[in-house]
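Novice: As input, take coords00.cif (mmCIF, C-alpha atoms):
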data_model
#
loop_
_atom_site.label_atom_id
_atom_site.label_comp_id
_atom_site.auth_asym_id
_atom_site.auth_seq_id
_atom_site.Cartn_x
_atom_site.Cartn_y
_atom_site.Cartn_z
CA MET A 187 32.70 -41.46 -47.00
CA VAL A 188 35.18 -38.82 -47.96
CA GLY A 189 37.16 -36.84 -45.43
CA TYR A 190 38.80 -33.48 -45.44
CA PRO A 191 41.41 -32.51 -48.01
CA ASN A 192 45.19 -32.83 -47.74
CA GLY A 193 44.92 -36.60 -47.63
CA MET A 194 43.89 -36.64 -43.95
CA LYS A 195 41.41 -39.39 -44.58
CA LYS A 196 43.95 -41.48 -46.43
CA LYS A 197 46.28 -41.30 -43.45
CA THR A 198 43.48 -42.35 -41.13
CA GLU A 199 42.66 -45.33 -43.28
CA LYS A 200 46.28 -46.39 -43.48
CA ALA A 201 46.68 -46.07 -39.74
CA ALA A 202 43.58 -48.10 -39.07
CA ALA A 203 44.66 -50.74 -41.56
CA HIS A 204 47.91 -51.08 -39.61
CA ASN A 205 46.00 -52.31 -36.67
CA ALA A 206 45.06 -55.83 -37.62
CA SER A 207 43.01 -56.52 -34.50
CA ARG A 208 40.49 -53.82 -35.41
CA ARG A 209 40.16 -54.96 -39.02
CA GLY A 210 40.78 -51.54 -40.53
CA MET A 211 37.98 -49.68 -38.73
CA SER A 212 38.58 -45.95 -38.42
CA LEU A 213 37.47 -43.88 -35.45
CA GLU A 214 34.80 -42.32 -37.67
CA GLU A 215 33.41 -45.74 -38.56
CA ASP A 216 33.46 -46.81 -34.91
CA LEU A 217 31.61 -43.65 -33.86
CA ASN A 218 29.04 -44.12 -36.61
CA ILE A 219 28.36 -47.65 -35.37
CA ALA A 220 28.18 -46.47 -31.76
CA ASN A 221 25.79 -43.63 -32.67
CA LEU A 222 23.58 -45.96 -34.68
CA HIS A 223 23.42 -48.31 -31.70
CA TYR A 224 22.54 -45.44 -29.33
CA PHE A 225 19.86 -44.30 -31.80
CA ASN A 226 18.32 -47.75 -32.30
CA THR A 227 18.20 -48.41 -28.56
CA ASP A 228 16.71 -44.94 -27.83
CA LYS A 229 19.71 -44.01 -25.70
CA ALA A 230 20.75 -40.88 -27.58
CA VAL A 231 20.35 -39.08 -30.90
CA ILE A 232 23.83 -38.06 -32.03
CA TYR A 233 24.92 -37.55 -35.63
CA LYS A 234 28.01 -36.69 -37.58
CA LYS A 235 27.40 -33.51 -39.53
CA PRO A 236 27.87 -33.64 -43.29
CA THR A 237 31.29 -32.59 -44.60
CA PRO A 238 31.05 -28.88 -45.39
CA VAL A 239 31.42 -28.31 -49.11
CA GLN A 240 31.33 -25.10 -51.11
CA ILE A 241 29.40 -25.83 -54.27
CA VAL A 242 30.44 -23.81 -57.31
CA HIS A 243 28.76 -25.52 -60.22
CA VAL A 244 25.79 -27.86 -60.59
CA ASP A 245 24.60 -29.52 -63.80
CA TYR A 246 20.94 -30.40 -64.20
CA PRO A 247 20.86 -33.09 -66.87
CA SER A 248 17.23 -33.58 -67.91
CA ARG A 249 15.43 -36.42 -66.09
CA ASN A 250 18.56 -37.07 -64.07
CA LYS A 251 19.72 -36.16 -60.62
CA ALA A 252 21.44 -32.81 -60.21
CA LYS A 253 25.18 -33.38 -60.57
CA ILE A 254 27.71 -31.21 -58.75
CA THR A 255 30.66 -30.74 -61.11
CA GLU A 256 32.74 -28.23 -59.16
CA ALA A 257 32.99 -27.96 -55.40
CA TYR A 258 35.63 -27.51 -52.71
CA PHE A 259 36.08 -28.64 -49.13
CA ARG A 260 35.49 -25.89 -46.59
CA ASN A 261 36.94 -25.56 -43.12
CA PRO A 262 34.29 -26.68 -40.64
CA SER A 263 33.00 -23.83 -38.45
CA THR A 264 31.70 -26.24 -35.82
CA THR A 265 32.61 -29.68 -34.54
CA ASP A 266 31.81 -32.89 -36.39
CA TYR A 267 29.31 -34.42 -33.98
CA ASN A 268 26.38 -33.18 -31.96
CA GLY A 269 23.04 -34.31 -30.61
CA ILE A 270 21.07 -35.00 -27.47
CA TYR A 271 21.34 -37.46 -24.58
CA LYS A 272 18.81 -37.52 -21.72
CA GLY A 273 18.02 -33.85 -22.26
CA SER A 274 21.67 -32.77 -22.43
CA TYR A 275 23.15 -31.19 -25.50
CA ILE A 276 26.20 -33.20 -26.62
CA ASP A 277 28.93 -31.74 -28.84
CA PHE A 278 32.32 -33.13 -29.76
CA GLU A 279 35.16 -33.35 -32.20
CA ALA A 280 36.93 -36.63 -32.98
CA LYS A 281 40.49 -37.07 -34.21
CA GLU A 282 42.66 -40.05 -34.94
CA ILE A 283 46.45 -39.76 -35.00
CA ARG A 284 49.49 -41.97 -35.54
CA ASN A 285 51.79 -39.91 -33.34
CA LYS A 286 52.69 -42.01 -30.30
CA THR A 287 53.35 -39.36 -27.69
CA LEU A 288 51.67 -36.09 -28.67
CA PHE A 289 48.41 -34.67 -29.94
CA PRO A 290 49.18 -31.44 -31.87
CA LEU A 291 46.44 -28.92 -31.12
CA SER A 292 46.78 -27.59 -34.67
CA LEU A 293 44.63 -30.57 -35.71
CA ILE A 294 41.65 -28.83 -34.14
CA HIS A 295 40.74 -25.57 -35.89
CA LYS A 296 40.69 -22.48 -33.72
CA HIS A 297 37.00 -21.81 -34.44
CA GLN A 298 36.23 -25.41 -33.50
CA LEU A 299 37.86 -24.87 -30.10
CA ASN A 300 35.97 -21.60 -29.83
CA HIS A 301 32.76 -23.44 -30.68
CA LEU A 302 33.42 -25.98 -27.91
CA PHE A 303 34.01 -23.16 -25.41
CA LYS A 304 30.79 -21.42 -26.52
CA VAL A 305 28.56 -24.48 -26.21
CA GLU A 306 30.17 -25.32 -22.86
CA GLN A 307 29.13 -21.84 -21.67
CA GLN A 308 25.56 -22.65 -22.71
CA GLY A 309 25.59 -25.81 -20.59
CA ALA A 310 26.58 -28.45 -23.12
CA ILE A 311 28.44 -31.64 -22.30
CA SER A 312 31.25 -31.16 -24.79
CA PHE A 313 34.53 -32.91 -25.38
CA VAL A 314 37.19 -34.12 -27.77
CA ILE A 315 37.74 -37.78 -28.63
CA ILE A 316 41.30 -38.66 -29.57
CA ARG A 317 42.41 -42.03 -30.84
CA PHE A 318 46.07 -43.02 -30.82
CA SER A 319 45.89 -45.52 -33.64
CA SER A 320 49.32 -46.99 -32.91
CA TYR A 321 48.02 -48.29 -29.58
CA ASN A 322 44.36 -48.38 -30.63
CA GLU A 323 43.56 -46.41 -27.50
CA THR A 324 40.78 -43.84 -27.55
CA TYR A 325 40.43 -41.09 -24.95
CA LEU A 326 37.64 -38.64 -24.18
CA ILE A 327 38.75 -35.24 -22.86
CA PHE A 328 36.11 -32.85 -21.55
CA THR A 329 36.23 -29.26 -22.82
CA ARG A 330 36.40 -27.87 -19.27
CA ASP A 331 39.63 -29.79 -18.63
CA LEU A 332 40.96 -28.52 -21.94
CA ILE A 333 40.01 -24.93 -21.04
CA ASN A 334 41.77 -25.15 -17.67
CA HIS A 335 44.84 -26.67 -19.28
CA LEU A 336 45.15 -24.16 -22.12
CA GLU A 337 44.24 -21.04 -20.17
CA ASN A 338 46.92 -18.37 -20.40
CA LYS A 339 49.47 -20.89 -21.55
CA ASP A 340 51.17 -21.26 -24.89
CA ILE A 341 50.51 -24.94 -25.34
CA LYS A 342 50.92 -26.38 -28.83
CA SER A 343 50.31 -30.05 -28.09
CA LEU A 344 48.67 -32.34 -25.56
CA THR A 345 51.07 -34.99 -24.30
CA LEU A 346 49.91 -38.58 -24.10
CA LYS A 347 50.75 -38.43 -20.40
CA TRP A 348 48.41 -35.50 -19.83
CA ILE A 349 45.69 -37.15 -21.93
CA LYS A 350 45.98 -40.39 -19.92
CA ASP A 351 45.90 -38.36 -16.74
CA ARG A 352 42.91 -36.10 -17.46
CA GLY A 353 41.10 -38.04 -20.17
CA TYR A 354 38.87 -41.10 -19.94
CA LEU A 355 39.59 -44.29 -21.84
CA CYS A 356 36.71 -45.28 -24.16
CA GLU A 357 35.83 -48.94 -23.83
CA TYR A 358 35.51 -51.22 -26.80
CA GLN A 359 32.39 -53.34 -27.00
CA TYR A 360 31.17 -55.40 -29.90
CA HIS A 361 28.02 -53.35 -30.60
CA ILE A 362 29.60 -50.11 -29.41
CA PRO A 363 33.19 -50.05 -30.64
CA CYS A 364 33.79 -46.73 -28.85
CA ASP A 365 31.43 -46.45 -25.89
CA TYR A 366 31.85 -42.76 -25.07
CA LEU A 367 28.27 -42.40 -23.77
CA LYS A 368 29.22 -44.36 -20.66
CA ILE A 369 31.69 -41.61 -19.78
CA VAL A 370 29.16 -38.89 -20.67
CA GLU A 371 26.65 -40.49 -18.28
CA GLN A 372 29.15 -40.21 -15.40
CA GLU A 373 29.62 -36.52 -16.23
CA ARG A 374 25.85 -35.98 -16.42
CA LEU A 375 25.38 -37.55 -12.97
CA ARG A 376 28.28 -35.49 -11.57
CA ARG A 377 26.64 -32.29 -12.81
CA LEU A 378 23.23 -33.29 -11.44
CA LYS A 379 24.82 -33.81 -8.01
CA GLN A 380 26.49 -30.41 -8.22
CA HIS A 381 23.08 -28.80 -8.76
CA GLU A 382 21.48 -30.57 -5.81
CA MET B 118 24.84 -21.05 -50.60
CA VAL B 119 23.29 -23.75 -52.72
CA GLY B 120 20.07 -25.50 -51.78
CA TYR B 121 18.67 -28.91 -52.50
CA PRO B 122 18.13 -30.08 -56.06
CA ASN B 123 14.99 -29.83 -58.18
CA GLY B 124 15.28 -26.07 -58.29
CA MET B 125 13.84 -25.63 -54.77
CA LYS B 126 16.30 -22.89 -53.99
CA LYS B 127 15.49 -21.07 -57.20
CA LYS B 128 11.82 -21.02 -56.26
CA THR B 129 12.65 -19.73 -52.82
CA GLU B 130 14.69 -16.93 -54.25
CA LYS B 131 11.97 -15.99 -56.70
CA ALA B 132 9.33 -15.99 -53.99
CA ALA B 133 11.43 -13.85 -51.72
CA ALA B 134 12.19 -11.45 -54.55
CA HIS B 135 8.44 -11.02 -55.01
CA ASN B 136 8.27 -9.47 -51.61
CA ALA B 137 9.73 -6.02 -52.17
CA SER B 138 9.62 -5.01 -48.49
CA ARG B 139 12.01 -7.80 -47.52
CA ARG B 140 14.49 -7.06 -50.30
CA GLY B 141 14.75 -10.63 -51.53
CA MET B 142 15.82 -12.22 -48.23
CA SER B 143 15.07 -15.92 -47.98
CA LEU B 144 14.09 -17.69 -44.76
CA GLU B 145 17.50 -19.37 -44.75
CA GLU B 146 19.27 -16.01 -44.95
CA ASP B 147 17.05 -14.59 -42.20
CA LEU B 148 17.78 -17.57 -39.95
CA ASN B 149 21.52 -17.29 -40.60
CA ILE B 150 21.42 -13.63 -39.55
CA ALA B 151 19.34 -14.45 -36.47
CA ASN B 152 21.69 -17.29 -35.49
CA LEU B 153 24.75 -15.09 -35.97
CA HIS B 154 23.15 -12.46 -33.74
CA TYR B 155 22.32 -15.05 -31.06
CA PHE B 156 25.91 -16.34 -31.27
CA ASN B 157 27.54 -12.91 -31.06
CA THR B 158 25.39 -11.89 -28.09
CA ASP B 159 26.03 -15.23 -26.29
CA LYS B 160 22.33 -16.05 -26.34
CA ALA B 161 22.54 -19.37 -28.14
CA VAL B 162 24.80 -21.46 -30.35
CA ILE B 163 22.68 -22.69 -33.25
CA TYR B 164 23.99 -23.59 -36.70
CA LYS B 165 22.67 -24.74 -40.04
CA LYS B 166 24.22 -28.08 -40.91
CA PRO B 167 26.12 -28.34 -44.19
CA THR B 168 24.13 -29.61 -47.18
CA PRO B 169 24.67 -33.37 -47.30
CA VAL B 170 26.59 -34.30 -50.42
CA GLN B 171 27.76 -37.68 -51.66
CA ILE B 172 31.23 -37.18 -53.07
CA VAL B 173 32.16 -39.51 -55.92
CA HIS B 174 35.31 -38.04 -57.39
CA VAL B 175 37.98 -35.65 -56.11
CA ASP B 176 40.90 -34.25 -58.10
CA TYR B 177 44.10 -33.32 -56.30
CA PRO B 178 45.86 -30.90 -58.64
CA SER B 179 49.40 -30.39 -57.34
CA ARG B 180 49.84 -27.36 -55.08
CA ASN B 181 46.14 -26.58 -55.40
CA LYS B 182 43.12 -27.21 -53.25
CA ALA B 183 41.39 -30.54 -53.67
CA LYS B 184 38.63 -30.13 -56.24
CA ILE B 185 35.45 -32.18 -56.10
CA THR B 186 34.48 -32.96 -59.70
CA GLU B 187 31.58 -35.35 -59.18
CA ALA B 188 29.10 -35.27 -56.33
CA TYR B 189 25.37 -35.59 -55.74
CA PHE B 190 22.90 -34.13 -53.27
CA ARG B 191 21.77 -36.60 -50.64
CA ASN B 192 18.51 -36.64 -48.73
CA PRO B 193 19.18 -35.23 -45.28
CA SER B 194 18.77 -37.79 -42.49
CA THR B 195 18.31 -35.11 -39.87
CA THR B 196 16.93 -31.58 -39.75
CA ASP B 197 18.80 -28.53 -41.04
CA TYR B 198 19.38 -26.70 -37.76
CA ASN B 199 20.45 -27.65 -34.27
CA GLY B 200 22.30 -26.26 -31.30
CA ILE B 201 22.00 -25.22 -27.68
CA TYR B 202 20.12 -22.51 -25.81
CA LYS B 203 20.42 -22.08 -22.03
CA GLY B 204 21.25 -25.75 -21.62
CA SER B 205 18.41 -26.96 -23.85
CA TYR B 206 19.04 -28.88 -27.02
CA ILE B 207 17.35 -27.10 -29.94
CA ASP B 208 16.48 -28.84 -33.21
CA PHE B 209 14.39 -27.67 -36.12
CA GLU B 210 13.61 -27.80 -39.79
CA ALA B 211 12.78 -24.64 -41.79
CA LYS B 212 10.70 -24.45 -44.95
CA GLU B 213 9.54 -21.61 -47.14
CA ILE B 214 6.55 -22.05 -49.46
CA ARG B 215 4.55 -20.00 -51.94
CA ASN B 216 1.31 -21.89 -51.41
CA LYS B 217 -1.18 -19.52 -49.74
CA THR B 218 -3.38 -21.94 -47.82
CA LEU B 219 -1.58 -25.24 -47.26
CA PHE B 220 1.76 -26.68 -46.16
CA PRO B 221 2.19 -30.09 -47.83
CA LEU B 222 3.83 -32.45 -45.33
CA SER B 223 5.66 -34.11 -48.22
CA LEU B 224 8.10 -31.19 -48.04
CA ILE B 225 9.47 -32.68 -44.83
CA HIS B 226 11.15 -36.06 -45.33
CA LYS B 227 9.78 -38.94 -43.29
CA HIS B 228 13.14 -39.53 -41.56
CA GLN B 229 13.28 -35.84 -40.69
CA LEU B 230 9.90 -36.10 -38.93
CA ASN B 231 11.15 -39.29 -37.27
CA HIS B 232 14.28 -37.43 -36.17
CA LEU B 233 12.15 -34.64 -34.63
CA PHE B 234 10.08 -37.23 -32.74
CA LYS B 235 13.25 -38.96 -31.50
CA VAL B 236 14.95 -35.81 -30.20
CA GLU B 237 11.66 -34.71 -28.61
CA GLN B 238 11.65 -38.02 -26.69
CA GLN B 239 15.16 -37.20 -25.43
CA GLY B 240 13.94 -33.84 -24.09
CA ALA B 241 14.77 -31.48 -26.96
CA ILE B 242 12.89 -28.30 -27.74
CA SER B 243 12.16 -29.12 -31.36
CA PHE B 244 9.96 -27.54 -33.98
CA VAL B 245 9.33 -26.66 -37.60
CA ILE B 246 9.54 -23.11 -38.95
CA ILE B 247 7.30 -22.44 -41.96
CA ARG B 248 7.31 -19.24 -43.94
CA PHE B 249 4.42 -18.39 -46.24
CA SER B 250 6.36 -16.16 -48.60
CA SER B 251 3.23 -14.73 -50.25
CA TYR B 252 2.28 -13.09 -46.95
CA ASN B 253 5.85 -12.97 -45.57
CA GLU B 254 4.52 -14.60 -42.42
CA THR B 255 6.68 -17.09 -40.53
CA TYR B 256 5.30 -19.56 -37.99
CA LEU B 257 6.95 -21.83 -35.46
CA ILE B 258 5.16 -25.12 -34.76
CA PHE B 259 6.38 -27.28 -31.90
CA THR B 260 6.94 -30.98 -32.63
CA ARG B 261 4.62 -32.03 -29.79
CA ASP B 262 1.72 -30.15 -31.42
CA LEU B 263 2.62 -31.77 -34.72
CA ILE B 264 2.71 -35.23 -33.09
CA ASN B 265 -0.71 -34.75 -31.51
CA HIS B 266 -2.12 -33.50 -34.79
CA LEU B 267 -0.73 -36.27 -36.98
CA GLU B 268 -1.28 -39.17 -34.60
CA ASN B 269 -3.38 -41.92 -36.13
CA LYS B 270 -4.65 -39.62 -38.82
CA ASP B 271 -3.96 -39.61 -42.54
CA ILE B 272 -3.05 -35.96 -42.84
CA LYS B 273 -1.22 -34.89 -46.00
CA SER B 274 -1.06 -31.14 -45.39
CA LEU B 275 -1.20 -28.59 -42.62
CA THR B 276 -3.79 -25.90 -43.33
CA LEU B 277 -2.85 -22.26 -42.82
CA LYS B 278 -5.78 -22.07 -40.40
CA TRP B 279 -4.34 -24.87 -38.24
CA ILE B 280 -0.87 -23.35 -38.41
CA LYS B 281 -2.21 -19.94 -37.32
CA ASP B 282 -4.14 -21.65 -34.57
CA ARG B 283 -1.39 -23.87 -33.11
CA GLY B 284 1.74 -22.14 -34.34
CA TYR B 285 3.50 -19.00 -33.09
CA LEU B 286 4.18 -16.03 -35.34
CA CYS B 287 7.91 -15.17 -35.52
CA GLU B 288 8.52 -11.47 -35.08
CA TYR B 289 10.66 -9.48 -37.46
CA GLN B 290 13.33 -7.27 -35.94
CA TYR B 291 16.13 -5.48 -37.70
CA HIS B 292 18.98 -7.49 -36.12
CA ILE B 293 16.91 -10.64 -35.82
CA PRO B 294 14.79 -10.94 -38.96
CA CYS B 295 13.12 -14.08 -37.61
CA ASP B 296 13.19 -14.01 -33.82
CA TYR B 297 12.24 -17.62 -33.07
CA LEU B 298 14.29 -17.74 -29.84
CA LYS B 299 11.71 -15.52 -28.15
CA ILE B 300 9.12 -18.26 -28.67
CA VAL B 301 11.59 -20.95 -27.59
CA GLU B 302 12.18 -19.04 -24.34
CA GLN B 303 8.43 -19.14 -23.55
CA GLU B 304 8.46 -22.89 -24.13
CA ARG B 305 11.55 -23.33 -21.93
CA LEU B 306 9.88 -21.43 -19.08
CA ARG B 307 6.66 -23.42 -19.53
CA ARG B 308 8.62 -26.68 -19.21
CA LEU B 309 10.51 -25.46 -16.15
CA LYS B 310 7.18 -24.66 -14.46
CA GLN B 311 5.88 -28.11 -15.30
CA HIS B 312 8.86 -29.65 -13.52
CA GLU B 313 8.41 -27.58 -10.39
#
What does this structure look like when you write it as structure tokens?
Specialist:
Amino acid sequence: MVGYPNGMKKKTEKAAAHNASRRGMSLEEDLNIANLHYFNTDKAVIYKKPTPVQIVHVDYPSRNKAKITEAYFRNPSTTDYNGIYKGSYIDFEAKEIRNKTLFPLSLIHKHQLNHLFKVEQQGAISFVIIRFSSYNETYLIFTRDLINHLENKDIKSLTLKWIKDRGYLCEYQYHIPCDYLKIVEQERLRRLKQHE
Amino acid sequence: MVGYPNGMKKKTEKAAAHNASRRGMSLEEDLNIANLHYFNTDKAVIYKKPTPVQIVHVDYPSRNKAKITEAYFRNPSTTDYNGIYKGSYIDFEAKEIRNKTLFPLSLIHKHQLNHLFKVEQQGAISFVIIRFSSYNETYLIFTRDLINHLENKDIKSLTLKWIKDRGYLCEYQYHIPCDYLKIVEQERLRRLKQHE
């Protein structure tokens, strides 16, 4: 597993390592375990997309696997995770930070936010998952709440207070270290009711 | 754009170049143009996933972008394309071949077929797009037809006859060189009727 450039991944690993109780598990690892569990139990099919890489040079040594010898990380044009749950299209971005009071919106690329808005328009259940690694607390924030909050305002960061207020705390369970699907199910039922 | 190893991409390019009328456009390029058009006209949000790459070594030259110096192509665990259209989760794999009579099923990885079956279970509209580059004909085959066809049978290839019979021909239009969403819309309406 290799993350994006600028040492982001390294920071994540360090932060996770700080938290002894979670034995160095990063949010990405937790989500991978959760998604695998959802997949194996036929609950949902949700994957992390591969890291986007621009490949410049490939060697083809005879009888051996093709070897990429020059490539660069690209900015992702979409979010990291998507898939399907009970017929609903699911789409989200996940971020882990060490900051104790703020989530800087600069951590989410503009076209990623735009992507979330676009899929929301098409009827997706979309959201952002933010982990404050200092507290080991993970929150799910639905895109619609984010849209309402950011609309016509020059907001650079989400405060922890706002996140606690509008977000949903993701429960930790042994097989599902970040059980976000439980929160998604509530949203799905809420929308079904709205359509009745 | 770089494809999977074993020179598959090279073949694709050669095959497409054969077809003078289409000025060397590959199926992947056509689908990218179609998806961009769907995105810009707010019809659908469908993306090709990045090529999965296992990164082994990254150099961090000071003040420069991180440079990947050793990496290998990985087998994809999911399909190449997914997204959302009018609330429906869309998922498909696309393949271009030069063979004039057969589509060898070995071109689709077993876990990709398994993925298509899994998302279909969750209510996705999922399919395979196959282009016969010799004829420049592109067909969409729904996963459910594929499931019925393959069930309990030892089938190694799809014949062109079967594909013509059960598949849907994708129309070529200037802005949408492979207009598969038109066929998806028919399927969406058919499913809505079924639920009435």
Novice: Step by step, work through what the PyMOL selection byres ((chain B) within 7 of (chain A)) selects in the shown file, and finish by giving those residues as a list in words.
Specialist: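 Applied to this file, the PyMOL selection byres ((chain B) within 7 of (chain A)) selects Val119, Pro122, Val162, Lys166, Pro167, Thr168, Pro169, Ile172, Ala183, Lys184, Ile185, Thr186, Glu187, Ala188, Tyr189, Ile201, Tyr202, Lys203, Gly204, Ser205, Tyr206, Val236, Gln239, Gly240 and Ala241 of chain B.
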Novice: Atoms to include: C-alpha atoms. Write the selected residues as a CSV table (one decimal), in the coordinates of the input.
Specialist:
chain,number,residue,atom,x,y,z
B,119,VAL,CA,23.3,-23.8,-52.7
B,122,PRO,CA,18.1,-30.1,-56.1
B,162,VAL,CA,24.8,-21.5,-30.4
B,166,LYS,CA,24.2,-28.1,-40.9
B,167,PRO,CA,26.1,-28.3,-44.2
B,168,THR,CA,24.1,-29.6,-47.2
B,169,PRO,CA,24.7,-33.4,-47.3
B,172,ILE,CA,31.2,-37.2,-53.1
B,183,ALA,CA,41.4,-30.5,-53.7
B,184,LYS,CA,38.6,-30.1,-56.2
B,185,ILE,CA,35.4,-32.2,-56.1
B,186,THR,CA,34.5,-33.0,-59.7
B,187,GLU,CA,31.6,-35.4,-59.2
B,188,ALA,CA,29.1,-35.3,-56.3
B,189,TYR,CA,25.4,-35.6,-55.7
B,201,ILE,CA,22.0,-25.2,-27.7
B,202,TYR,CA,20.1,-22.5,-25.8
B,203,LYS,CA,20.4,-22.1,-22.0
B,204,GLY,CA,21.2,-25.8,-21.6
B,205,SER,CA,18.4,-27.0,-23.8
B,206,TYR,CA,19.0,-28.9,-27.0
B,236,VAL,CA,15.0,-35.8,-30.2
B,239,GLN,CA,15.2,-37.2,-25.4
B,240,GLY,CA,13.9,-33.8,-24.1
B,241,ALA,CA,14.8,-31.5,-27.0
Novice: Applied to this file, what does the PyMOL selection byres ((chain B and resi 249) around 9) return in terms of residues, put as a VMD selection string?
Specialist: chain B and resid 212 to 218 220 247 to 248 250 to 256 277
Novice: Give the padded box for region 254-259 of chain B as AutoDock Vina command-line options: axis-aligned, covering all atoms listed in the file, 5 Å on each side, centre and edge lengths in Å to one decimal.
Specialist:
--center_x 5.7 --center_y -20.9 --center_z -37.2 --size_x 12.4 --size_y 22.7 --size_z 20.5
Novice: List the residues selected by the PyMOL selection byres ((chain B and resi 301) around 10) in the file shown, writing them as a list in words.
Specialist: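 Evaluating the PyMOL selection byres ((chain B and resi 301) around 10) on these coordinates yields Tyr202, Ser205, Ile207, Ile242, Ser243, Phe244, Leu257, Phe259, Tyr285, Asp296, Tyr297, Leu298, Lys299, Ile300, Glu302, Gln303, Glu304, Arg305, Leu306 and Arg307 of chain B.
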Novice: Take CA of Leu217 (chain A) and CA of Phe278 (chain A) and report the distance between them in Å, one decimal.
Specialist: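 Answer for the CA of Leu217 (chain A) to CA of Phe278 (chain A) separation: 11.3 Å.
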Novice: CA of Ser223 (chain B) and CA of Trp279 (chain B) are how many Å apart?
Specialist: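 Pair CA of Ser223 (chain B) / CA of Trp279 (chain B) returns 16.9 Å.
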Novice: Please report the interatomic distance between CA of His228 (chain B) and CA of Asn152 (chain B) in Å with one decimal.
Specialist: 24.6 Å
